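K.L.:
What follows is the file data-v1.pdb, containing PDB, C-alpha atoms:
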```
ATOM      1  CA  MET E   1     -19.041 -11.099  15.890
ATOM      2  CA  ILE E   2     -17.620 -12.318  19.209
ATOM      3  CA  PRO E   3     -20.253 -13.931  21.445
ATOM      4  CA  PRO E   4     -20.591 -13.007  25.136
ATOM      5  CA  ASP E   5     -19.212 -14.976  28.050
ATOM      6  CA  PHE E   6     -22.482 -14.697  30.014
ATOM      7  CA  PHE E   7     -26.147 -14.135  29.265
ATOM      8  CA  GLU E   8     -28.171 -11.885  31.578
ATOM      9  CA  VAL E   9     -31.836 -12.871  31.955
ATOM     10  CA  ASN E  10     -34.352 -11.978  34.680
ATOM     11  CA  GLY E  11     -31.601 -11.366  37.217
ATOM     12  CA  ALA E  12     -29.682 -14.535  36.385
ATOM     13  CA  ARG E  13     -26.176 -14.497  34.935
ATOM     14  CA  ILE E  14     -25.917 -17.697  32.896
ATOM     15  CA  PRO E  15     -22.426 -18.723  31.735
ATOM     16  CA  ALA E  16     -22.537 -19.159  27.959
ATOM     17  CA  ARG E  17     -20.416 -22.327  27.900
ATOM     18  CA  GLY E  18     -21.417 -25.231  30.103
ATOM     19  CA  LEU E  19     -20.827 -28.937  30.583
ATOM     20  CA  GLY E  20     -23.541 -31.555  30.185
ATOM     21  CA  THR E  21     -23.346 -34.737  32.277
ATOM     22  CA  PHE E  22     -25.966 -36.881  30.506
ATOM     23  CA  GLN E  23     -25.610 -40.683  30.548
ATOM     24  CA  PRO E  24     -22.644 -41.387  32.812
ATOM     25  CA  ASN E  25     -21.443 -44.843  31.711
ATOM     26  CA  PRO E  26     -18.827 -46.379  34.049
ATOM     27  CA  GLU E  27     -18.407 -49.372  31.731
ATOM     28  CA  GLN E  28     -17.403 -47.114  28.846
ATOM     29  CA  TYR E  29     -15.554 -44.349  30.672
ATOM     30  CA  GLY E  30     -14.528 -45.985  33.936
ATOM     31  CA  PRO E  31     -15.697 -45.189  37.477
ATOM     32  CA  LYS E  32     -16.255 -41.578  38.517
ATOM     33  CA  SER E  33     -16.160 -40.362  34.906
ATOM     34  CA  VAL E  34     -18.583 -37.524  35.641
ATOM     35  CA  LYS E  35     -16.547 -36.376  38.624
ATOM     36  CA  GLN E  36     -13.363 -36.345  36.574
ATOM     37  CA  SER E  37     -14.938 -34.502  33.637
ATOM     38  CA  VAL E  38     -16.412 -31.859  35.964
ATOM     39  CA  LEU E  39     -13.097 -31.423  37.798
ATOM     40  CA  THR E  40     -11.313 -31.012  34.471
ATOM     41  CA  ALA E  41     -13.976 -28.621  33.189
ATOM     42  CA  LEU E  42     -13.822 -26.418  36.288
ATOM     43  CA  LYS E  43     -10.033 -26.291  36.031
ATOM     44  CA  ILE E  44     -10.316 -25.194  32.389
ATOM     45  CA  GLY E  45     -12.735 -22.425  33.334
ATOM     46  CA  TYR E  46     -16.258 -23.837  32.927
ATOM     47  CA  ARG E  47     -18.712 -22.365  35.431
ATOM     48  CA  HIS E  48     -22.010 -23.869  34.167
ATOM     49  CA  ILE E  49     -22.648 -27.515  35.070
ATOM     50  CA  ASP E  50     -25.838 -29.289  33.982
ATOM     51  CA  THR E  51     -27.024 -32.485  35.651
ATOM     52  CA  SER E  52     -30.193 -34.335  36.656
ATOM     53  CA  LEU E  53     -31.520 -36.892  39.102
ATOM     54  CA  ARG E  54     -32.244 -39.007  36.036
ATOM     55  CA  TYR E  55     -28.596 -39.263  35.005
ATOM     56  CA  GLY E  56     -27.321 -42.503  36.451
ATOM     57  CA  ASP E  57     -30.170 -42.594  38.989
ATOM     58  CA  GLY E  58     -28.557 -39.815  40.987
ATOM     59  CA  GLN E  59     -24.946 -40.936  40.540
ATOM     60  CA  GLY E  60     -24.304 -38.069  38.140
ATOM     61  CA  GLU E  61     -25.454 -35.537  40.742
ATOM     62  CA  LYS E  62     -23.333 -37.155  43.439
ATOM     63  CA  GLU E  63     -20.209 -36.938  41.292
ATOM     64  CA  VAL E  64     -20.960 -33.346  40.309
ATOM     65  CA  GLY E  65     -21.184 -32.466  44.003
ATOM     66  CA  GLU E  66     -17.920 -34.251  44.806
ATOM     67  CA  ALA E  67     -16.147 -32.425  41.980
ATOM     68  CA  VAL E  68     -17.470 -29.028  43.056
ATOM     69  CA  ARG E  69     -16.277 -29.568  46.631
ATOM     70  CA  GLU E  70     -12.842 -30.804  45.566
ATOM     71  CA  SER E  71     -12.295 -28.203  42.844
ATOM     72  CA  GLY E  72     -11.527 -25.295  45.147
ATOM     73  CA  VAL E  73     -13.801 -23.071  43.061
ATOM     74  CA  PRO E  74     -16.155 -21.077  45.305
ATOM     75  CA  ARG E  75     -19.708 -22.427  45.146
ATOM     76  CA  GLU E  76     -21.155 -19.019  44.283
ATOM     77  CA  GLU E  77     -19.071 -18.894  41.101
ATOM     78  CA  ILE E  78     -20.628 -22.071  39.679
ATOM     79  CA  PHE E  79     -24.047 -22.111  37.981
ATOM     80  CA  ILE E  80     -25.456 -25.554  38.816
ATOM     81  CA  VAL E  81     -28.523 -26.883  37.048
ATOM     82  CA  SER E  82     -30.644 -29.907  37.929
ATOM     83  CA  LYS E  83     -34.076 -31.069  36.857
ATOM     84  CA  LEU E  84     -37.541 -32.208  37.886
ATOM     85  CA  GLU E  85     -38.061 -35.726  36.618
ATOM     86  CA  ASN E  86     -41.174 -37.222  35.029
ATOM     87  CA  VAL E  87     -42.364 -39.255  38.025
ATOM     88  CA  TYR E  88     -42.328 -36.211  40.348
ATOM     89  CA  HIS E  89     -44.888 -34.005  38.576
ATOM     90  CA  ALA E  90     -47.568 -34.223  41.263
ATOM     91  CA  PRO E  91     -47.360 -30.953  43.243
ATOM     92  CA  GLU E  92     -46.622 -32.783  46.480
ATOM     93  CA  ASP E  93     -43.708 -34.641  44.821
ATOM     94  CA  VAL E  94     -41.866 -31.642  43.375
ATOM     95  CA  GLU E  95     -40.063 -30.808  46.609
ATOM     96  CA  VAL E  96     -39.316 -34.504  47.126
ATOM     97  CA  ASN E  97     -37.352 -34.467  43.846
ATOM     98  CA  ILE E  98     -35.282 -31.388  44.641
ATOM     99  CA  ASP E  99     -34.557 -32.618  48.166
ATOM    100  CA  ILE E 100     -33.136 -35.852  46.734
ATOM    101  CA  SER E 101     -31.105 -33.864  44.214
ATOM    102  CA  LEU E 102     -29.744 -31.483  46.846
ATOM    103  CA  LYS E 103     -28.769 -34.425  49.043
ATOM    104  CA  ASN E 104     -27.013 -36.072  46.100
ATOM    105  CA  LEU E 105     -25.195 -32.848  45.259
ATOM    106  CA  GLY E 106     -24.398 -32.042  48.871
ATOM    107  CA  LEU E 107     -25.741 -28.521  48.381
ATOM    108  CA  ASP E 108     -28.271 -26.234  50.042
ATOM    109  CA  TYR E 109     -29.557 -24.901  46.724
ATOM    110  CA  VAL E 110     -29.185 -25.163  42.953
ATOM    111  CA  ASP E 111     -28.983 -22.125  40.721
ATOM    112  CA  LEU E 112     -31.553 -23.409  38.256
ATOM    113  CA  PHE E 113     -34.159 -26.169  38.580
ATOM    114  CA  ILE E 114     -35.740 -27.207  35.292
ATOM    115  CA  MET E 115     -38.891 -29.154  34.464
ATOM    116  CA  HIS E 116     -37.123 -31.784  32.367
ATOM    117  CA  PHE E 117     -40.181 -32.603  30.239
ATOM    118  CA  PRO E 118     -43.726 -31.225  30.240
ATOM    119  CA  TYR E 119     -45.213 -34.712  30.475
ATOM    120  CA  ALA E 120     -45.456 -37.045  33.478
ATOM    121  CA  TYR E 121     -44.899 -40.786  33.813
ATOM    122  CA  LYS E 122     -47.122 -43.031  35.886
ATOM    123  CA  ARG E 123     -45.070 -43.827  38.960
ATOM    124  CA  THR E 124     -44.647 -46.687  41.385
ATOM    125  CA  GLU E 125     -44.717 -46.213  45.157
ATOM    126  CA  ASN E 126     -40.935 -45.713  45.251
ATOM    127  CA  TYR E 127     -40.893 -43.235  42.349
ATOM    128  CA  GLY E 128     -40.047 -45.724  39.650
ATOM    129  CA  SER E 129     -41.803 -45.446  36.292
ATOM    130  CA  VAL E 130     -44.540 -47.881  35.288
ATOM    131  CA  ARG E 131     -43.579 -49.584  32.003
ATOM    132  CA  ASP E 132     -45.430 -51.518  29.318
ATOM    133  CA  GLU E 133     -44.398 -54.924  27.959
ATOM    134  CA  ASN E 134     -41.922 -53.223  25.607
ATOM    135  CA  GLY E 135     -40.252 -51.299  28.415
ATOM    136  CA  ARG E 136     -41.745 -47.957  27.451
ATOM    137  CA  PRO E 137     -43.005 -45.667  30.229
ATOM    138  CA  LEU E 138     -46.734 -45.166  30.633
ATOM    139  CA  ILE E 139     -47.811 -41.541  30.358
ATOM    140  CA  ASP E 140     -49.905 -40.093  33.162
ATOM    141  CA  VAL E 141     -52.096 -37.946  30.952
ATOM    142  CA  GLU E 142     -53.803 -35.636  33.444
ATOM    143  CA  PRO E 143     -50.649 -34.322  35.174
ATOM    144  CA  SER E 144     -49.008 -34.166  31.743
ATOM    145  CA  ARG E 145     -51.668 -31.695  30.665
ATOM    146  CA  SER E 146     -51.440 -29.898  34.018
ATOM    147  CA  PHE E 147     -47.793 -28.866  33.855
ATOM    148  CA  ASP E 148     -48.938 -25.392  34.915
ATOM    149  CA  ILE E 149     -49.955 -26.848  38.291
ATOM    150  CA  THR E 150     -46.578 -28.580  38.549
ATOM    151  CA  TRP E 151     -45.013 -25.205  37.784
ATOM    152  CA  ARG E 152     -46.749 -23.613  40.773
ATOM    153  CA  ALA E 153     -45.061 -26.155  43.039
ATOM    154  CA  MET E 154     -41.737 -25.288  41.401
ATOM    155  CA  GLU E 155     -42.365 -21.590  42.085
ATOM    156  CA  ARG E 156     -42.536 -22.432  45.792
ATOM    157  CA  LEU E 157     -39.007 -23.853  45.592
ATOM    158  CA  VAL E 158     -37.797 -20.363  44.707
ATOM    159  CA  ASP E 159     -39.779 -18.900  47.597
ATOM    160  CA  ILE E 160     -38.124 -21.232  50.131
ATOM    161  CA  GLY E 161     -34.622 -20.865  48.653
ATOM    162  CA  LYS E 162     -33.991 -24.362  47.337
ATOM    163  CA  THR E 163     -33.360 -22.955  43.856
ATOM    164  CA  LYS E 164     -32.620 -19.434  42.679
ATOM    165  CA  TYR E 165     -34.393 -19.803  39.348
ATOM    166  CA  ILE E 166     -36.726 -22.207  37.570
ATOM    167  CA  GLY E 167     -36.926 -23.095  33.915
ATOM    168  CA  LEU E 168     -38.158 -25.458  31.244
ATOM    169  CA  SER E 169     -36.780 -28.133  28.951
ATOM    170  CA  ASN E 170     -38.280 -29.767  25.863
ATOM    171  CA  PHE E 171     -41.211 -27.310  25.839
ATOM    172  CA  SER E 172     -42.940 -26.430  22.566
ATOM    173  CA  SER E 173     -44.272 -22.986  21.662
ATOM    174  CA  PRO E 174     -47.939 -23.753  22.495
ATOM    175  CA  LYS E 175     -46.992 -25.092  25.920
ATOM    176  CA  ILE E 176     -44.795 -22.107  26.699
ATOM    177  CA  LEU E 177     -47.533 -19.670  25.713
ATOM    178  CA  ARG E 178     -50.069 -21.415  27.949
ATOM    179  CA  LEU E 179     -47.683 -21.498  30.900
ATOM    180  CA  LEU E 180     -46.922 -17.793  30.554
ATOM    181  CA  GLN E 181     -50.613 -17.001  31.028
ATOM    182  CA  SER E 182     -50.562 -18.218  34.637
ATOM    183  CA  ALA E 183     -46.949 -18.283  35.802
ATOM    184  CA  ARG E 184     -46.211 -16.096  38.815
ATOM    185  CA  ILE E 185     -42.471 -16.635  38.322
ATOM    186  CA  LYS E 186     -41.544 -16.674  34.660
ATOM    187  CA  PRO E 187     -39.210 -19.401  33.394
ATOM    188  CA  ILE E 188     -35.730 -18.066  32.755
ATOM    189  CA  CYS E 189     -34.842 -20.683  30.156
ATOM    190  CA  ASN E 190     -35.973 -23.437  27.823
ATOM    191  CA  GLN E 191     -33.398 -26.168  27.278
ATOM    192  CA  ILE E 192     -33.868 -27.705  23.823
ATOM    193  CA  GLU E 193     -32.088 -29.666  21.123
ATOM    194  CA  CYS E 194     -30.518 -27.035  18.884
ATOM    195  CA  HIS E 195     -27.675 -27.135  16.355
ATOM    196  CA  PRO E 196     -27.032 -26.106  12.719
ATOM    197  CA  HIS E 197     -28.937 -29.141  11.392
ATOM    198  CA  PHE E 198     -31.895 -28.364  13.661
ATOM    199  CA  PRO E 199     -31.876 -24.625  14.418
ATOM    200  CA  GLN E 200     -35.454 -24.397  15.831
ATOM    201  CA  LYS E 201     -35.712 -20.799  14.634
ATOM    202  CA  GLY E 202     -39.396 -20.302  15.430
ATOM    203  CA  LEU E 203     -39.148 -21.699  18.945
ATOM    204  CA  VAL E 204     -35.948 -19.778  19.702
ATOM    205  CA  LYS E 205     -37.547 -16.559  18.459
ATOM    206  CA  LEU E 206     -40.614 -17.071  20.664
ATOM    207  CA  CYS E 207     -38.458 -17.740  23.717
ATOM    208  CA  GLN E 208     -36.209 -14.747  23.175
ATOM    209  CA  GLU E 209     -39.162 -12.439  22.545
ATOM    210  CA  ASN E 210     -40.525 -13.505  25.943
ATOM    211  CA  ASN E 211     -37.184 -13.073  27.739
ATOM    212  CA  ILE E 212     -36.725 -16.835  28.063
ATOM    213  CA  HIS E 213     -33.117 -17.801  27.518
ATOM    214  CA  VAL E 214     -32.414 -20.811  25.297
ATOM    215  CA  THR E 215     -29.839 -23.433  26.252
ATOM    216  CA  ALA E 216     -28.872 -25.997  23.602
ATOM    217  CA  PHE E 217     -28.489 -29.589  24.698
ATOM    218  CA  GLY E 218     -26.894 -31.853  22.128
ATOM    219  CA  PRO E 219     -25.413 -28.787  20.393
ATOM    220  CA  LEU E 220     -23.008 -30.923  18.351
ATOM    221  CA  GLY E 221     -25.750 -33.114  16.931
ATOM    222  CA  CYS E 222     -27.326 -34.848  19.900
ATOM    223  CA  VAL E 223     -26.708 -38.568  20.414
ATOM    224  CA  PRO E 224     -29.424 -39.706  22.839
ATOM    225  CA  ILE E 225     -30.278 -43.242  23.888
ATOM    226  CA  PRO E 226     -30.791 -45.564  20.869
ATOM    227  CA  ALA E 227     -34.585 -45.725  21.229
ATOM    228  CA  LEU E 228     -34.787 -41.964  20.650
ATOM    229  CA  VAL E 229     -32.423 -41.471  17.719
ATOM    230  CA  GLY E 230     -34.328 -39.748  14.939
ATOM    231  CA  ARG E 231     -31.564 -38.831  12.503
ATOM    232  CA  GLN E 232     -30.352 -41.030   9.679
ATOM    233  CA  GLY E 233     -26.971 -40.182   8.198
ATOM    234  CA  PRO E 234     -24.277 -37.700   9.233
ATOM    235  CA  GLY E 235     -24.835 -34.920  11.719
ATOM    236  CA  PRO E 236     -23.403 -31.390  11.884
ATOM    237  CA  LEU E 237     -19.961 -32.575  12.987
ATOM    238  CA  GLU E 238     -19.635 -34.339   9.620
ATOM    239  CA  ASP E 239     -21.096 -31.486   7.555
ATOM    240  CA  LYS E 240     -18.824 -30.522   4.623
ATOM    241  CA  THR E 241     -19.653 -26.813   4.842
ATOM    242  CA  ILE E 242     -18.835 -26.753   8.544
ATOM    243  CA  ALA E 243     -15.607 -28.621   7.803
ATOM    244  CA  GLU E 244     -14.635 -25.924   5.289
ATOM    245  CA  LEU E 245     -15.303 -23.181   7.828
ATOM    246  CA  ALA E 246     -13.306 -25.074  10.444
ATOM    247  CA  LYS E 247     -10.353 -25.129   8.050
ATOM    248  CA  LYS E 248     -10.783 -21.424   7.283
ATOM    249  CA  TYR E 249     -10.710 -20.462  10.973
ATOM    250  CA  SER E 250      -8.145 -23.109  12.019
ATOM    251  CA  ARG E 251     -10.766 -24.462  14.397
ATOM    252  CA  THR E 252     -12.538 -27.769  14.950
ATOM    253  CA  ALA E 253     -16.010 -28.414  13.562
ATOM    254  CA  ALA E 254     -17.273 -28.475  17.159
ATOM    255  CA  GLN E 255     -15.835 -25.023  17.841
ATOM    256  CA  ILE E 256     -17.491 -23.605  14.712
ATOM    257  CA  ILE E 257     -20.863 -25.058  15.740
ATOM    258  CA  LEU E 258     -20.639 -23.851  19.340
ATOM    259  CA  CYS E 259     -19.554 -20.350  18.344
ATOM    260  CA  TYR E 260     -22.478 -20.150  15.909
ATOM    261  CA  LEU E 261     -24.959 -21.033  18.672
ATOM    262  CA  LEU E 262     -23.380 -18.599  21.117
ATOM    263  CA  CYS E 263     -23.691 -15.867  18.493
ATOM    264  CA  ARG E 264     -27.430 -16.612  18.357
ATOM    265  CA  GLY E 265     -27.655 -15.830  22.079
ATOM    266  CA  ILE E 266     -27.914 -19.516  22.991
ATOM    267  CA  SER E 267     -25.835 -21.112  25.746
ATOM    268  CA  VAL E 268     -24.362 -24.561  25.082
ATOM    269  CA  ILE E 269     -23.838 -27.619  27.283
ATOM    270  CA  PRO E 270     -21.953 -30.215  25.216
ATOM    271  CA  LYS E 271     -20.885 -33.359  27.029
ATOM    272  CA  SER E 272     -17.403 -34.831  26.891
ATOM    273  CA  ASN E 273     -15.155 -36.989  29.040
ATOM    274  CA  ASN E 274     -12.108 -36.207  26.909
ATOM    275  CA  PRO E 275      -9.865 -33.472  28.412
ATOM    276  CA  LYS E 276      -8.715 -32.299  24.972
ATOM    277  CA  ARG E 277     -12.281 -31.934  23.733
ATOM    278  CA  LEU E 278     -13.358 -30.259  26.953
ATOM    279  CA  ALA E 279     -10.692 -27.623  26.366
ATOM    280  CA  GLU E 280     -11.594 -27.255  22.679
ATOM    281  CA  ASN E 281     -15.300 -26.891  23.439
ATOM    282  CA  PHE E 282     -14.573 -24.180  25.988
ATOM    283  CA  ASP E 283     -12.390 -22.325  23.486
ATOM    284  CA  SER E 284     -15.390 -21.531  21.304
ATOM    285  CA  ARG E 285     -15.662 -17.761  21.633
ATOM    286  CA  PHE E 286     -14.023 -16.116  18.645
ATOM    287  CA  ASP E 287     -14.785 -13.584  15.927
ATOM    288  CA  LEU E 288     -17.194 -15.297  13.520
ATOM    289  CA  ALA E 289     -17.759 -13.208  10.411
ATOM    290  CA  GLN E 290     -21.369 -12.266   9.675
ATOM    291  CA  ASP E 291     -21.222 -13.912   6.239
ATOM    292  CA  ASP E 292     -20.068 -17.188   7.750
ATOM    293  CA  PHE E 293     -22.677 -16.966  10.495
ATOM    294  CA  ASP E 294     -25.307 -16.554   7.765
ATOM    295  CA  VAL E 295     -24.031 -19.650   5.958
ATOM    296  CA  LEU E 296     -24.362 -21.700   9.142
ATOM    297  CA  ASP E 297     -27.742 -20.163   9.914
ATOM    298  CA  ASN E 298     -29.119 -21.265   6.548
ATOM    299  CA  LEU E 299     -27.626 -24.752   6.219
ATOM    300  CA  VAL E 300     -31.069 -26.343   6.369
ATOM    301  CA  GLY E 301     -33.077 -23.487   4.903
ATOM    302  CA  GLU E 302     -33.785 -19.870   5.746
ATOM    303  CA  ASN E 303     -36.357 -20.917   8.333
ATOM    304  CA  GLY E 304     -34.734 -24.231   9.196
ATOM    305  CA  GLU E 305     -37.407 -26.038   7.194
ATOM    306  CA  ARG E 306     -35.090 -28.941   6.265
ATOM    307  CA  GLY E 307     -33.904 -29.412   9.818
ATOM    308  CA  VAL E 308     -33.849 -32.884  11.342
ATOM    309  CA  ARG E 309     -34.556 -33.545  15.011
ATOM    310  CA  ASN E 310     -32.289 -36.222  16.404
ATOM    311  CA  PHE E 311     -33.937 -36.497  19.825
ATOM    312  CA  ASN E 312     -37.162 -38.025  18.544
ATOM    313  CA  SER E 313     -39.593 -39.382  21.138
ATOM    314  CA  LEU E 314     -42.720 -39.746  18.975
ATOM    315  CA  GLU E 315     -42.659 -43.534  18.687
ATOM    316  CA  TYR E 316     -41.334 -43.967  22.214
ATOM    317  CA  LEU E 317     -44.116 -41.898  23.810
ATOM    318  CA  GLY E 318     -46.957 -42.391  21.361
ATOM    319  CA  PHE E 319     -47.519 -38.650  20.860
ATOM    320  CA  ASP E 320     -45.562 -35.663  19.588
ATOM    321  CA  ASN E 321     -44.356 -33.658  22.557
ATOM    322  CA  TYR E 322     -42.675 -31.222  20.149
ATOM    323  CA  ASN E 323     -45.718 -30.324  18.064
ATOM    324  CA  GLU E 324     -45.323 -26.610  17.326
ATOM    325  CA  GLU E 325     -48.978 -26.152  16.319
ATOM    326  CA  VAL E 326     -51.017 -27.784  19.079
ATOM    327  CA  GLU E 327     -50.357 -29.317  22.477
ATOM    328  CA  GLU E 328     -49.965 -33.078  22.790
ATOM    329  CA  PRO E 329     -50.952 -35.241  24.595
TER
END
```
Will you turn the file into structure tokens for me?
P.N.:
Amino acid sequence: MIPPDFFEVNGARIPARGLGTFQPNPEQYGPKSVKQSVLTALKIGYRHIDTSLRYGDGQGEKEVGEAVRESGVPREEIFIVSKLENVYHAPEDVEVNIDISLKNLGLDYVDLFIMHFPYAYKRTENYGSVRDENGRPLIDVEPSRSFDITWRAMERLVDIGKTKYIGLSNFSSPKILRLLQSARIKPICNQIECHPHFPQKGLVKLCQENNIHVTAFGPLGCVPIPALVGRQGPGPLEDKTIAELAKKYSRTAAQIILCYLLCRGISVIPKSNNPKRLAENFDSRFDLAQDDFDVLDNLVGENGERGVRNFNSLEYLGFDNYNEEVEEP
């Protein structure tokens, strides 16, 4: 099976292969690393760029905008995604967030604006997050439970043209089902951790049955900030079965993983600052035999029952945002 180049959902045409810009680190990658990776990606052929106000406190968005303007690629050809951050969940703050993001990007609109997490942080007067003595953010419980009200304010952003579409990220099945009961504008996507070691089959099925596209962040195994690492031991890039398939297809392990996800109807936004890897990740649409797809799809059990989440916020937050049975908090 050869996966598609785009996914059509609710009027949106989402490029299957995108670039994530999480955690720009000038000390590790040098100054303007996001700008350079986006410029390289656009030259290779990427047309889906994912960013957020949270990434580098807006620096990531600024560099994405600079790269888009300098690339020579027409704006309308690029699907640009940004996100509503946790301290902007009050209805009156939602537009404040997107206005800051649009200013950072130097754009009049984004293609997709996502609620980054369903829960809200207690905020300071200047939109910082209130922290405890261990540096962990304090959860603002009422707006966290009222994400449907936050969603209404996001719907208005579509009405006034500041975003074409709105979506979700890190939403569990119970939260999606509740939101769908009241949403005037349905979410076009749910951005979640998803890879062969954590396939999230139940959640993906629910989303796809409700015409909600799934985008995989951390599709190669997900390496978040240290406080949120939940996996012990090797990830999918080190998996022996995936390595054997990579040898069979004369591909990299990353290409095998990305093609598998694309074949599931899931778009991917791996991050890289390495031009060679950027090119390899983009070259991930090829004919994956059904038998080999099935092997990958069952690496951690037929229903993914042995899957391991690497982006684990339970201890950090004090509740399980990803509970698939009931809503928390």
K.L.:
List every residue of segment 113-148 of chain E that has an atom at most 12 Å from any atom of segment 310-318 of chain E, and for each one report the closest atom pair and its distance in Å to one decimal, counting all atoms listed in the file, with rows sorted by chain and then by increasing residue number, as a tab-separated table.
P.N.:
```
residue	atom	partner	partner_atom	distance
E:Phe117	CA	E:Ser313	CA	11.4
E:Tyr119	CA	E:Leu317	CA	9.9
E:Ala120	CA	E:Leu317	CA	10.9
E:Tyr121	CA	E:Leu317	CA	10.1
E:Arg131	CA	E:Leu317	CA	11.2
E:Asp132	CA	E:Tyr316	CA	11.1
E:Asn134	CA	E:Tyr316	CA	9.9
E:Gly135	CA	E:Tyr316	CA	9.7
E:Arg136	CA	E:Tyr316	CA	6.6
E:Pro137	CA	E:Leu317	CA	7.5
E:Leu138	CA	E:Leu317	CA	8.0
E:Ile139	CA	E:Leu317	CA	7.5
E:Asp140	CA	E:Leu317	CA	11.1
E:Val141	CA	E:Leu317	CA	11.4
```
K.L.:
Please indicate the distance in Å from atom CA of Thr163 of chain E to atom CA of Leu112 of chain E, rounded to one decimal place.
P.N.:
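Calculated distance between atom CA of Thr163 of chain E and atom CA of Leu112 of chain E is 5.9 Å.
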K.L.:
Which is closest to Glu76 of chain E among E:Ile176, E:Leu220, E:Leu107, E:Val64, if we use all atoms listed in the file?
P.N.:
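That would be E:Leu107, the residue with the smallest distance to Glu76 of chain E.
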K.L.:
From the set E:Arg17, E:Arg75, E:Arg145, E:Arg54, which residue has the shortest atom-to-atom contact distance to Ala41 of chain E, counting only C-alpha atoms?
P.N.:
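Among the listed residues, the smallest separation from Ala41 of chain E belongs to E:Arg17.
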K.L.:
Counting all atoms listed in the file, find the residues whose atoms lie at most 12 Å from (-12.7, -32.0, 37.4) (file coordinates) and write them out as a PyMOL selection string.
P.N.:
chain E and resi 19+32-47+49+63-73+272-275+278
K.L.:
Could you tell me which residues the PyMOL selection byres ((chain E and resi 179) around 12) returns for this structure, as a PyMOL selection string?
P.N.:
chain E and resi 118+145-152+167-168+171-178+180-187+210+327
K.L.:
Step by step, work through what the PyMOL selection byres ((chain E and resi 157-159) around 12) selects in the shown file, and finish by giving those residues as a PyMOL selection string.
P.N.:
chain E and resi 84+91-99+108-114+150-156+160-167+184-187
K.L.:
Excluding same-chain residues fewer than 4 positions from Phe217 of chain E, what lies within 12 Å of it counting all atoms listed in the file, as a ChimeraX atom specification?
P.N.:
/E:17-22,50-51,116,169-170,190-195,198-199,221-224,258,261,266-271,310-311
K.L.:
Could you state the separation of atom CA of Cys259 of chain E and atom CA of Arg285 of chain E in Å, given to one decimal place?
P.N.:
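Between atom CA of Cys259 of chain E and atom CA of Arg285 of chain E the gap is 5.7 Å.
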K.L.:
In Å, with one decimal, what is the gap from atom CA of Arg309 of chain E to atom CA of Val87 of chain E?
P.N.:
25.0 Å
K.L.:
Compare E:Ile212, E:Leu53, E:Ile242, E:Ala16 by their minimum atom-to-atom distance to Phe282 of chain E, counting only C-alpha atoms, and give me the closest one.
P.N.:
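Result for the nearest residue to Phe282 of chain E: E:Ala16.
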K.L.:
With distances taken over only C-alpha atoms, which residue among E:Glu305, E:Ser284, E:His197, E:Gln255 lies nearest Arg231 of chain E?
P.N.:
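Smallest distance to Arg231 of chain E is found for E:His197.
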K.L.:
Hey, could you patch up segment 112-123 of chain E with N, CA and C atoms and hand it over as a JSON list (two decimals), keeping the file's coordinate frame?
P.N.:
```json
[["chain", "number", "residue", "atom", "x", "y", "z"],
["E", 112, "LEU", "N", -30.42, -23.28, 39.18],
["E", 112, "LEU", "CA", -31.55, -23.41, 38.26],
["E", 112, "LEU", "C", -32.13, -24.81, 38.36],
["E", 113, "PHE", "N", -33.45, -24.89, 38.53],
["E", 113, "PHE", "CA", -34.16, -26.17, 38.58],
["E", 113, "PHE", "C", -35.14, -26.18, 37.42],
["E", 114, "ILE", "N", -35.00, -27.15, 36.56],
["E", 114, "ILE", "CA", -35.74, -27.21, 35.29],
["E", 114, "ILE", "C", -36.77, -28.33, 35.30],
["E", 115, "MET", "N", -37.95, -28.08, 34.74],
["E", 115, "MET", "CA", -38.89, -29.15, 34.46],
["E", 115, "MET", "C", -38.37, -29.88, 33.22],
["E", 116, "HIS", "N", -37.86, -31.09, 33.42],
["E", 116, "HIS", "CA", -37.12, -31.78, 32.37],
["E", 116, "HIS", "C", -37.98, -32.02, 31.12],
["E", 117, "PHE", "N", -39.22, -32.41, 31.33],
["E", 117, "PHE", "CA", -40.18, -32.60, 30.24],
["E", 117, "PHE", "C", -41.55, -32.12, 30.72],
["E", 118, "PRO", "N", -42.40, -31.67, 29.81],
["E", 118, "PRO", "CA", -43.73, -31.22, 30.24],
["E", 118, "PRO", "C", -44.66, -32.36, 30.60],
["E", 119, "TYR", "N", -44.32, -33.58, 30.23],
["E", 119, "TYR", "CA", -45.21, -34.71, 30.48],
["E", 119, "TYR", "C", -44.74, -35.54, 31.67],
["E", 120, "ALA", "N", -45.71, -36.25, 32.27],
["E", 120, "ALA", "CA", -45.46, -37.04, 33.48],
["E", 120, "ALA", "C", -45.58, -38.53, 33.17],
["E", 121, "TYR", "N", -44.77, -39.33, 33.87],
["E", 121, "TYR", "CA", -44.90, -40.79, 33.81],
["E", 121, "TYR", "C", -45.76, -41.27, 34.98],
["E", 122, "LYS", "N", -46.48, -42.35, 34.77],
["E", 122, "LYS", "CA", -47.12, -43.03, 35.89],
["E", 122, "LYS", "C", -46.02, -43.62, 36.76],
["E", 123, "ARG", "N", -46.15, -43.42, 38.07],
["E", 123, "ARG", "CA", -45.07, -43.83, 38.96],
["E", 123, "ARG", "C", -45.48, -44.96, 39.89]]
```
